[in-house]
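For reference, input-v8.txt is printed below; it contains compact mmCIF, C-alpha atoms.
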# COMPACT_ATOMS: atom_id res chain seq x y z
CA MET Y 1121 116.95 28.61 -94.98
CA THR Y 1122 114.24 28.55 -92.35
CA ALA Y 1123 112.71 31.66 -90.91
CA SER Y 1124 114.43 31.26 -87.53
CA ARG Y 1125 117.87 30.85 -89.13
CA LYS Y 1126 117.24 33.84 -91.39
CA SER Y 1127 116.18 36.03 -88.47
CA LEU Y 1128 119.21 34.87 -86.43
CA PHE Y 1129 121.49 35.68 -89.35
CA ILE Y 1130 119.92 39.13 -89.76
CA PHE Y 1131 120.21 39.75 -86.00
CA LEU Y 1132 123.90 38.74 -85.95
CA MET Y 1133 124.69 40.86 -89.02
CA GLY Y 1134 122.94 43.85 -87.43
CA LEU Y 1135 124.88 43.32 -84.21
CA ALA Y 1136 128.15 43.07 -86.12
CA TRP Y 1137 127.31 46.29 -88.00
CA ARG Y 1138 126.55 48.16 -84.76
CA CYS Y 1139 129.79 46.90 -83.17
CA ARG Y 1140 132.02 47.62 -86.17
CA TYR Y 1141 133.86 50.40 -84.31
CA THR Y 1142 133.69 49.35 -80.67
CA MET Y 1143 134.52 45.65 -81.02
CA PRO Y 1144 138.00 46.13 -82.56
CA LEU Y 1145 138.82 48.66 -79.83
CA LEU Y 1146 137.67 46.30 -77.09
CA LEU Y 1147 139.56 43.37 -78.58
CA SER Y 1148 142.79 45.30 -79.15
CA GLY Y 1149 142.60 46.81 -75.66
CA THR Y 1150 142.08 43.38 -74.11
CA VAL Y 1151 144.98 41.92 -76.08
CA ALA Y 1152 147.23 44.82 -75.04
CA LEU Y 1153 146.36 44.40 -71.35
CA LEU Y 1154 146.91 40.64 -71.48
CA GLY Y 1155 150.24 41.20 -73.23
CA GLN Y 1156 151.37 43.64 -70.56
CA ALA Y 1157 150.32 41.25 -67.77
CA TRP Y 1158 152.15 38.40 -69.50
CA MET Y 1159 155.35 40.45 -69.90
CA PHE Y 1160 155.17 41.53 -66.23
CA GLN Y 1161 154.78 37.89 -65.16
CA ILE Y 1162 157.82 36.92 -67.23
CA ARG Y 1163 159.87 39.73 -65.63
CA VAL Y 1164 158.84 38.71 -62.11
CA GLN Y 1165 159.66 35.05 -62.78
CA THR Y 1166 163.01 36.00 -64.32
CA VAL Y 1167 163.99 38.19 -61.37
CA HIS Y 1168 162.84 35.47 -58.95
CA ARG Y 1169 164.88 32.84 -60.81
CA LEU Y 1170 167.94 35.10 -60.92
CA HIS Y 1171 167.56 35.80 -57.21
CA GLU Y 1172 167.41 32.06 -56.46
CA ASN Y 1173 170.55 31.52 -58.55
CA ASP Y 1174 172.21 34.43 -56.73
CA LEU Y 1175 171.35 32.89 -53.34
CA GLY Y 1176 172.63 29.51 -54.50
CA PHE Y 1177 175.90 31.11 -55.57
CA TYR Y 1178 176.36 32.83 -52.21
CA ASP Y 1179 175.43 29.66 -50.31
CA ASP Y 1180 178.21 27.85 -52.16
CA GLU Y 1181 180.64 30.64 -51.32
CA GLY Y 1182 179.60 30.76 -47.67
CA SER Y 1183 178.98 34.50 -47.55
CA VAL Y 1184 175.92 36.58 -48.28
CA GLU Y 1185 176.29 40.19 -49.31
CA GLU Y 1186 174.18 42.46 -47.11
CA SER Y 1187 173.62 45.21 -49.65
CA SER Y 1188 171.81 43.10 -52.22
CA TRP Y 1189 170.33 44.54 -55.41
CA GLU Y 1190 166.91 43.66 -53.98
CA THR Y 1191 167.07 46.28 -51.21
CA GLU Y 1192 164.90 49.34 -51.63
CA SER Y 1193 165.50 50.45 -55.17
CA THR Y 1194 163.68 52.68 -57.61
CA ASP Y 1195 165.11 50.86 -60.63
CA SER Y 1196 162.76 49.35 -63.16
CA TRP Y 1197 162.47 45.59 -63.67
CA GLU Y 1198 164.42 45.85 -66.92
CA THR Y 1199 167.33 47.58 -65.19
CA ILE Y 1200 167.41 45.04 -62.37
CA VAL Y 1201 167.35 42.10 -64.78
CA GLU Y 1202 170.08 43.67 -66.92
CA GLU Y 1203 172.29 44.39 -63.89
CA VAL Y 1204 171.92 40.89 -62.46
CA ALA Y 1205 172.48 39.26 -65.84
CA TYR Y 1206 175.59 41.42 -66.34
CA ASP Y 1207 176.89 40.49 -62.87
CA LEU Y 1208 176.30 36.78 -63.52
CA ASN Y 1209 178.01 36.90 -66.90
CA GLY Y 1210 180.93 38.56 -65.55
Is it possible to express this structure as structure tokens?
Amino acid sequence: MTASRKSLFIFLMGLAWRCRYTMPLLLSGTVALLGQAWMFQIRVQTVHRLHENDLGFYDDEGSVEESSWETESTDSWETIVEEVAYDLNG
């Protein structure tokens, strides 16, 4: 092992030792934030897809309901998705 490789190895080991507490916290926090963003994106796409299906259904019927579930609501995304899925299933 050359001197430069040995010093690089010692530097990296020292860096790893100094980051032994902060690095796992940073990594787990980043993974948690990315997971939340991913789940939010899935919810938005699901609601958008359900809304498109809902509009297609009403276009086939020839009438559009004025008081749609999309109007000002304080419901969470989960509640909206569950209600629309329940309405579509029957």
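The space between CA of Ser1127 in chain Y and CA of Ser1148 in chain Y spans 29.7 Å.
Interatomic distance, CA of Leu1153 in chain Y against CA of Leu1170 in chain Y: 25.7 Å.
Interatomic distance, CA of Val1151 in chain Y to CA of Ala1136 in chain Y: 19.6 Å.
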